[in-house]
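Text of the file data-v1.txt, holding compact mmCIF, N, CA and C atoms:
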```txt
# COMPACT_ATOMS: atom_id res chain seq x y z
N MET A 1 91.47 175.47 62.07
CA MET A 1 92.54 174.50 61.95
C MET A 1 93.86 175.24 61.78
N ILE A 2 94.89 174.75 62.38
CA ILE A 2 96.21 175.33 62.26
C ILE A 2 96.74 174.99 60.88
N PRO A 3 97.22 175.98 60.09
CA PRO A 3 97.71 175.67 58.74
C PRO A 3 98.80 174.61 58.77
N GLY A 4 98.65 173.62 57.88
CA GLY A 4 99.67 172.59 57.75
C GLY A 4 99.60 171.51 58.81
N GLU A 5 98.59 171.58 59.69
CA GLU A 5 98.49 170.55 60.73
C GLU A 5 97.09 169.99 60.75
N PHE A 6 96.98 168.67 60.63
CA PHE A 6 95.69 168.02 60.64
C PHE A 6 95.49 167.34 61.97
N GLY A 7 94.47 166.55 62.08
CA GLY A 7 94.17 165.93 63.36
C GLY A 7 93.55 166.94 64.31
N HIS A 8 92.85 167.91 63.75
CA HIS A 8 92.20 168.95 64.54
C HIS A 8 90.73 169.05 64.13
N VAL A 9 89.90 169.38 65.08
CA VAL A 9 88.52 169.72 64.81
C VAL A 9 88.28 171.05 65.48
N GLU A 10 87.79 172.01 64.71
CA GLU A 10 87.53 173.36 65.21
C GLU A 10 88.76 173.94 65.90
N GLY A 11 89.96 173.65 65.37
CA GLY A 11 91.19 174.24 65.89
C GLY A 11 91.76 173.57 67.12
N ARG A 12 91.09 172.55 67.65
CA ARG A 12 91.56 171.86 68.85
C ARG A 12 92.22 170.54 68.47
N PRO A 13 93.40 170.24 69.02
CA PRO A 13 94.03 168.94 68.73
C PRO A 13 93.13 167.80 69.18
N LEU A 14 93.10 166.75 68.41
CA LEU A 14 92.29 165.59 68.77
C LEU A 14 92.94 164.76 69.87
N ILE A 15 94.25 164.67 69.85
CA ILE A 15 94.98 163.87 70.84
C ILE A 15 95.86 164.80 71.68
N ARG A 16 96.89 165.31 71.08
CA ARG A 16 97.78 166.29 71.69
C ARG A 16 98.45 167.04 70.55
N PRO A 17 98.95 168.23 70.80
CA PRO A 17 99.55 169.02 69.70
C PRO A 17 100.77 168.34 69.10
N SER A 18 101.00 168.60 67.83
CA SER A 18 102.19 168.11 67.14
C SER A 18 103.36 169.06 67.39
N SER A 19 104.57 168.58 67.12
CA SER A 19 105.79 169.36 67.30
C SER A 19 106.06 170.19 66.05
N VAL A 20 105.16 171.12 65.73
CA VAL A 20 105.25 171.86 64.48
C VAL A 20 106.48 172.75 64.38
N ASP A 21 107.08 173.10 65.51
CA ASP A 21 108.27 173.96 65.50
C ASP A 21 109.58 173.17 65.44
N HIS A 22 109.51 171.85 65.51
CA HIS A 22 110.73 171.03 65.46
C HIS A 22 111.29 171.06 64.04
N PRO A 23 112.62 171.15 63.89
CA PRO A 23 113.23 171.21 62.55
C PRO A 23 112.90 170.01 61.66
N LEU A 24 112.60 168.86 62.22
CA LEU A 24 112.28 167.68 61.42
C LEU A 24 110.80 167.57 61.04
N TYR A 25 109.97 168.42 61.60
CA TYR A 25 108.53 168.28 61.43
C TYR A 25 108.10 168.22 59.97
N GLU A 26 108.50 169.18 59.16
CA GLU A 26 108.06 169.22 57.75
C GLU A 26 108.57 168.01 56.97
N THR A 27 109.76 167.54 57.29
CA THR A 27 110.31 166.35 56.63
C THR A 27 109.49 165.12 57.00
N VAL A 28 109.09 165.02 58.26
CA VAL A 28 108.26 163.90 58.70
C VAL A 28 106.89 163.97 58.03
N VAL A 29 106.32 165.16 57.93
CA VAL A 29 105.04 165.33 57.24
C VAL A 29 105.16 164.85 55.79
N ALA A 30 106.25 165.23 55.12
CA ALA A 30 106.46 164.79 53.74
C ALA A 30 106.52 163.26 53.66
N ALA A 31 107.15 162.63 54.63
CA ALA A 31 107.20 161.16 54.66
C ALA A 31 105.80 160.59 54.87
N CYS A 32 105.01 161.21 55.72
CA CYS A 32 103.62 160.76 55.93
C CYS A 32 102.83 160.87 54.62
N ARG A 33 103.10 161.91 53.87
CA ARG A 33 102.40 162.11 52.60
C ARG A 33 102.84 161.12 51.52
N SER A 34 103.88 160.35 51.79
CA SER A 34 104.32 159.35 50.82
C SER A 34 103.60 158.01 51.02
N VAL A 35 102.82 157.90 52.07
CA VAL A 35 102.09 156.66 52.38
C VAL A 35 100.63 156.86 51.99
N TYR A 36 100.13 155.93 51.20
CA TYR A 36 98.76 156.02 50.69
C TYR A 36 97.89 154.90 51.23
N ASP A 37 96.64 155.22 51.47
CA ASP A 37 95.64 154.22 51.78
C ASP A 37 95.37 153.49 50.47
N PRO A 38 95.52 152.16 50.43
CA PRO A 38 95.36 151.46 49.15
C PRO A 38 93.95 151.50 48.58
N GLU A 39 92.95 151.84 49.40
CA GLU A 39 91.58 151.89 48.91
C GLU A 39 91.14 153.28 48.49
N ILE A 40 91.90 154.29 48.90
CA ILE A 40 91.54 155.69 48.60
C ILE A 40 92.77 156.35 48.00
N PRO A 41 92.65 156.98 46.83
CA PRO A 41 93.84 157.54 46.16
C PRO A 41 94.35 158.85 46.76
N VAL A 42 94.49 158.88 48.09
CA VAL A 42 94.96 160.08 48.79
C VAL A 42 95.92 159.62 49.88
N ASN A 43 96.95 160.41 50.14
CA ASN A 43 97.91 160.02 51.19
C ASN A 43 97.26 160.10 52.57
N ILE A 44 97.83 159.37 53.51
CA ILE A 44 97.22 159.26 54.83
C ILE A 44 97.25 160.57 55.62
N TYR A 45 98.21 161.44 55.33
CA TYR A 45 98.27 162.72 56.03
C TYR A 45 97.10 163.61 55.62
N ASP A 46 96.89 163.73 54.30
CA ASP A 46 95.80 164.57 53.82
C ASP A 46 94.43 163.95 54.08
N LEU A 47 94.39 162.63 54.27
CA LEU A 47 93.13 161.99 54.68
C LEU A 47 92.78 162.34 56.12
N GLY A 48 93.75 162.85 56.87
CA GLY A 48 93.51 163.18 58.27
C GLY A 48 93.70 161.99 59.19
N LEU A 49 94.42 160.97 58.72
CA LEU A 49 94.64 159.79 59.54
C LEU A 49 95.77 159.97 60.54
N VAL A 50 96.63 160.96 60.32
CA VAL A 50 97.73 161.25 61.25
C VAL A 50 97.23 162.31 62.23
N TYR A 51 97.06 161.90 63.47
CA TYR A 51 96.53 162.82 64.48
C TYR A 51 97.62 163.67 65.12
N THR A 52 98.75 163.06 65.43
CA THR A 52 99.82 163.78 66.13
C THR A 52 101.18 163.30 65.63
N ILE A 53 102.07 164.27 65.41
CA ILE A 53 103.49 163.98 65.15
C ILE A 53 104.26 164.67 66.27
N ASP A 54 104.78 163.88 67.17
CA ASP A 54 105.50 164.40 68.33
C ASP A 54 106.97 164.02 68.18
N ILE A 55 107.83 165.02 68.14
CA ILE A 55 109.27 164.80 67.97
C ILE A 55 109.98 165.41 69.17
N ASN A 56 110.71 164.60 69.92
CA ASN A 56 111.38 165.13 71.11
C ASN A 56 112.77 165.68 70.75
N ASN A 57 113.47 166.18 71.75
CA ASN A 57 114.79 166.78 71.54
C ASN A 57 115.86 165.80 71.08
N ASP A 58 115.61 164.50 71.28
CA ASP A 58 116.54 163.48 70.82
C ASP A 58 116.19 162.97 69.42
N ASN A 59 115.21 163.62 68.78
CA ASN A 59 114.74 163.26 67.43
C ASN A 59 114.05 161.90 67.37
N ASP A 60 113.43 161.52 68.49
CA ASP A 60 112.57 160.35 68.49
C ASP A 60 111.20 160.82 68.00
N VAL A 61 110.66 160.14 67.00
CA VAL A 61 109.39 160.54 66.39
C VAL A 61 108.30 159.59 66.86
N ASN A 62 107.27 160.16 67.44
CA ASN A 62 106.10 159.40 67.88
C ASN A 62 104.90 159.90 67.11
N VAL A 63 104.22 159.00 66.42
CA VAL A 63 103.07 159.36 65.61
C VAL A 63 101.85 158.63 66.17
N VAL A 64 100.77 159.39 66.31
CA VAL A 64 99.48 158.80 66.67
C VAL A 64 98.61 158.89 65.43
N MET A 65 98.10 157.75 65.00
CA MET A 65 97.29 157.73 63.78
C MET A 65 96.06 156.85 63.96
N THR A 66 95.18 156.93 63.00
CA THR A 66 94.01 156.09 62.97
C THR A 66 93.82 155.58 61.55
N LEU A 67 92.74 154.90 61.30
CA LEU A 67 92.36 154.46 59.96
C LEU A 67 90.92 154.87 59.73
N THR A 68 90.49 154.81 58.49
CA THR A 68 89.12 155.24 58.18
C THR A 68 88.09 154.35 58.87
N THR A 69 88.39 153.06 59.01
CA THR A 69 87.50 152.14 59.72
C THR A 69 88.34 151.10 60.45
N ALA A 70 87.79 150.59 61.52
CA ALA A 70 88.49 149.55 62.28
C ALA A 70 88.64 148.27 61.47
N GLY A 71 87.77 148.05 60.50
CA GLY A 71 87.83 146.86 59.68
C GLY A 71 88.70 147.00 58.45
N CYS A 72 89.49 148.05 58.40
CA CYS A 72 90.37 148.30 57.25
C CYS A 72 91.28 147.09 57.04
N PRO A 73 91.36 146.58 55.79
CA PRO A 73 92.16 145.38 55.55
C PRO A 73 93.66 145.56 55.78
N VAL A 74 94.14 146.80 55.84
CA VAL A 74 95.57 147.03 56.08
C VAL A 74 95.83 147.55 57.49
N ALA A 75 94.89 147.35 58.39
CA ALA A 75 95.01 147.87 59.76
C ALA A 75 96.30 147.41 60.44
N GLU A 76 96.72 146.20 60.19
CA GLU A 76 97.93 145.70 60.83
C GLU A 76 99.20 146.17 60.12
N ASP A 77 99.08 146.52 58.85
CA ASP A 77 100.25 146.89 58.04
C ASP A 77 100.55 148.39 58.01
N MET A 78 99.52 149.22 58.02
CA MET A 78 99.69 150.66 57.82
C MET A 78 100.67 151.30 58.81
N PRO A 79 100.61 151.01 60.11
CA PRO A 79 101.60 151.63 61.01
C PRO A 79 103.04 151.31 60.62
N GLY A 80 103.28 150.09 60.16
CA GLY A 80 104.63 149.71 59.72
C GLY A 80 105.04 150.45 58.46
N TRP A 81 104.09 150.64 57.53
CA TRP A 81 104.39 151.41 56.32
C TRP A 81 104.81 152.82 56.69
N LEU A 82 104.10 153.41 57.64
CA LEU A 82 104.42 154.78 58.06
C LEU A 82 105.77 154.82 58.76
N ALA A 83 106.02 153.90 59.65
CA ALA A 83 107.32 153.85 60.35
C ALA A 83 108.45 153.66 59.34
N ASP A 84 108.24 152.81 58.33
CA ASP A 84 109.26 152.58 57.31
C ASP A 84 109.52 153.82 56.46
N ALA A 85 108.52 154.68 56.30
CA ALA A 85 108.68 155.91 55.53
C ALA A 85 109.45 156.96 56.33
N ILE A 86 109.29 156.97 57.64
CA ILE A 86 109.91 157.99 58.50
C ILE A 86 111.32 157.58 58.95
N ALA A 87 111.53 156.32 59.26
CA ALA A 87 112.78 155.85 59.86
C ALA A 87 114.05 156.24 59.09
N PRO A 88 114.07 156.19 57.75
CA PRO A 88 115.31 156.52 57.05
C PRO A 88 115.62 158.01 56.94
N LEU A 89 114.74 158.87 57.42
CA LEU A 89 114.98 160.31 57.30
C LEU A 89 116.21 160.72 58.09
N GLN A 90 117.02 161.56 57.48
CA GLN A 90 118.23 162.03 58.15
C GLN A 90 117.86 162.78 59.43
N GLY A 91 118.48 162.38 60.52
CA GLY A 91 118.25 163.04 61.80
C GLY A 91 117.28 162.29 62.70
N VAL A 92 116.45 161.42 62.15
CA VAL A 92 115.50 160.67 62.96
C VAL A 92 116.23 159.56 63.69
N ARG A 93 116.03 159.51 65.00
CA ARG A 93 116.69 158.48 65.80
C ARG A 93 115.82 157.23 65.89
N THR A 94 114.60 157.37 66.36
CA THR A 94 113.67 156.24 66.46
C THR A 94 112.29 156.68 65.99
N VAL A 95 111.46 155.69 65.65
CA VAL A 95 110.08 155.96 65.23
C VAL A 95 109.16 155.00 65.96
N ASN A 96 108.09 155.55 66.49
CA ASN A 96 107.04 154.76 67.10
C ASN A 96 105.71 155.23 66.52
N VAL A 97 104.93 154.30 65.98
CA VAL A 97 103.62 154.64 65.44
C VAL A 97 102.57 153.95 66.30
N GLU A 98 101.71 154.76 66.88
CA GLU A 98 100.65 154.26 67.75
C GLU A 98 99.32 154.38 67.03
N MET A 99 98.54 153.33 67.05
CA MET A 99 97.22 153.34 66.44
C MET A 99 96.18 153.66 67.50
N THR A 100 95.22 154.50 67.15
CA THR A 100 94.12 154.80 68.06
C THR A 100 92.82 154.79 67.28
N TRP A 101 91.75 154.53 67.96
CA TRP A 101 90.41 154.57 67.35
C TRP A 101 89.58 155.65 68.01
N ASP A 102 90.19 156.39 68.93
CA ASP A 102 89.46 157.42 69.65
C ASP A 102 90.24 158.72 69.63
N PRO A 103 89.74 159.72 68.99
CA PRO A 103 88.42 159.78 68.37
C PRO A 103 88.42 159.08 67.02
N PRO A 104 87.25 158.60 66.60
CA PRO A 104 87.17 157.95 65.30
C PRO A 104 87.37 158.95 64.17
N TRP A 105 87.91 158.46 63.06
CA TRP A 105 88.10 159.29 61.88
C TRP A 105 86.75 159.67 61.31
N GLY A 106 86.69 160.87 60.73
CA GLY A 106 85.48 161.34 60.06
C GLY A 106 85.84 162.17 58.85
N MET A 107 84.91 162.35 57.94
CA MET A 107 85.14 163.10 56.70
C MET A 107 85.60 164.54 56.96
N GLU A 108 85.25 165.09 58.10
CA GLU A 108 85.65 166.47 58.42
C GLU A 108 87.16 166.57 58.62
N MET A 109 87.86 165.46 58.72
CA MET A 109 89.31 165.47 58.93
C MET A 109 90.10 165.53 57.62
N LEU A 110 89.41 165.43 56.49
CA LEU A 110 90.08 165.53 55.19
C LEU A 110 90.66 166.92 54.99
N SER A 111 91.86 167.00 54.45
CA SER A 111 92.43 168.29 54.10
C SER A 111 91.71 168.84 52.87
N GLU A 112 91.91 170.09 52.59
CA GLU A 112 91.32 170.69 51.39
C GLU A 112 91.82 169.99 50.13
N GLU A 113 93.12 169.61 50.13
CA GLU A 113 93.69 168.89 48.99
C GLU A 113 93.00 167.55 48.78
N ALA A 114 92.72 166.84 49.88
CA ALA A 114 92.05 165.55 49.80
C ALA A 114 90.62 165.72 49.30
N ARG A 115 89.94 166.75 49.79
CA ARG A 115 88.56 167.01 49.33
C ARG A 115 88.53 167.28 47.83
N LEU A 116 89.52 168.02 47.36
CA LEU A 116 89.61 168.31 45.93
C LEU A 116 89.90 167.03 45.14
N GLU A 117 90.87 166.26 45.60
CA GLU A 117 91.25 165.02 44.92
C GLU A 117 90.09 164.03 44.84
N LEU A 118 89.28 163.99 45.88
CA LEU A 118 88.15 163.06 45.93
C LEU A 118 86.87 163.62 45.31
N GLY A 119 86.95 164.87 44.83
CA GLY A 119 85.80 165.46 44.15
C GLY A 119 84.75 166.04 45.06
N PHE A 120 85.12 166.35 46.31
CA PHE A 120 84.16 166.94 47.25
C PHE A 120 84.12 168.46 47.16
N ILE A 121 85.03 169.04 46.39
CA ILE A 121 85.06 170.51 46.22
C ILE A 121 84.83 170.80 44.75
```
Starting from the file, lay out its structure as structure tokens.
Amino acid sequence: MIPGEFGHVEGRPLIRPSSVDHPLYETVVAACRSVYDPEIPVNIYDLGLVYTIDINNDNDVNVVMTLTTAGCPVAEDMPGWLADAIAPLQGVRTVNVEMTWDPPWGMEMLSEEARLELGFI
């Protein structure tokens, strides 16, 4: 896995690579970490729900994310929560959050911090 980037299995991006070299990347990651799954006491980034953070040269942020299950009670709300966390960041022009179910989320996508928080380490 690439340090600081989730949404990978065995070092391969699940969807497409994130814009890790973009100046806004770490700030966007911090915003992702401010959004929590209401059923699990871990932020959605460390849960591995954020597959891709793509930021273009115009500072448009496109996020591809998933949820732990398709039946998640906040499935309709979570993308909006994430967009609301990213949109006010200085330098961000627009935000688009896309939901995907492929590939499905799995426990192997948890960050080390999430595994520790949930008692798996």
Legend entry - For Thr94 in chain A, the nearest of the candidates A:Asn43, A:Ala70, A:Thr27, A:Asn59, counting all atoms listed in the file: A:Asn59
Inset, instruction - Name all residues at most 7 Å from Glu98 in chain A (count only C-alpha atoms; drop same-chain ones fewer than 2 positions away) and give them as a list of chain:residue names. - result: A:Val63, A:Val64, A:Met65, A:Asn96, A:Thr100
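Of the listed residues A:Met99, A:Met107, A:Ile53, A:Val42, the one whose atoms come nearest to Ala75 in chain A is A:Met99, with distances taken using only C-alpha atoms.
Closest approach to Trp105 in chain A from the set A:Pro17, A:Gly48, A:Gly91, A:Gly80 is made by A:Gly48, with distances taken over all atoms listed in the file.
What separates CA of Pro73 in chain A from CA of Cys32 in chain A is a distance of 19.2 Å.
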Legend entry - Within 12 Å of Arg115 in chain A using only C-alpha atoms, minus same-chain residues under 3 positions, as a ChimeraX atom specification: /A:40-43,46-48,107-112,118-121
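Taking the backbone of this structure through DSSP, the residues of range 12-76 of chain A that come out as alpha helix (DSSP H) are A:Tyr25, A:Glu26, A:Thr27, A:Val28, A:Val29, A:Ala30, A:Ala31, A:Cys32.
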Legend entry - Protein, DNA and RNA residues within 8 Å of (109.8, 171.1, 67.4), all atoms listed in the file, as a PyMOL selection string: chain A and resi 18-25+54-57
Grab all the atoms of range 28-37 of chain A that the file lists, wrap them in a box along x, y and z, add 5 Å per side, and give me centre plus edge lengths in Å (one decimal) as AutoDock Vina command-line options.
```
--center_x 102.2 --center_y 159.4 --center_z 54.6 --size_x 23.7 --size_y 21.8 --size_z 18.2
```
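The coordinates place CA of Pro38 in chain A at 16.2 Å from CA of Asp84 in chain A.
In this model, the gap between atom C of Ala85 in chain A and atom C of Ala114 in chain A comes to 21.9 Å.
For the choices A:Leu89, A:Leu82, A:Leu116, A:Val74, the atom-to-atom distance to Val50 in chain A is smallest for A:Leu82 when using only C-alpha atoms.
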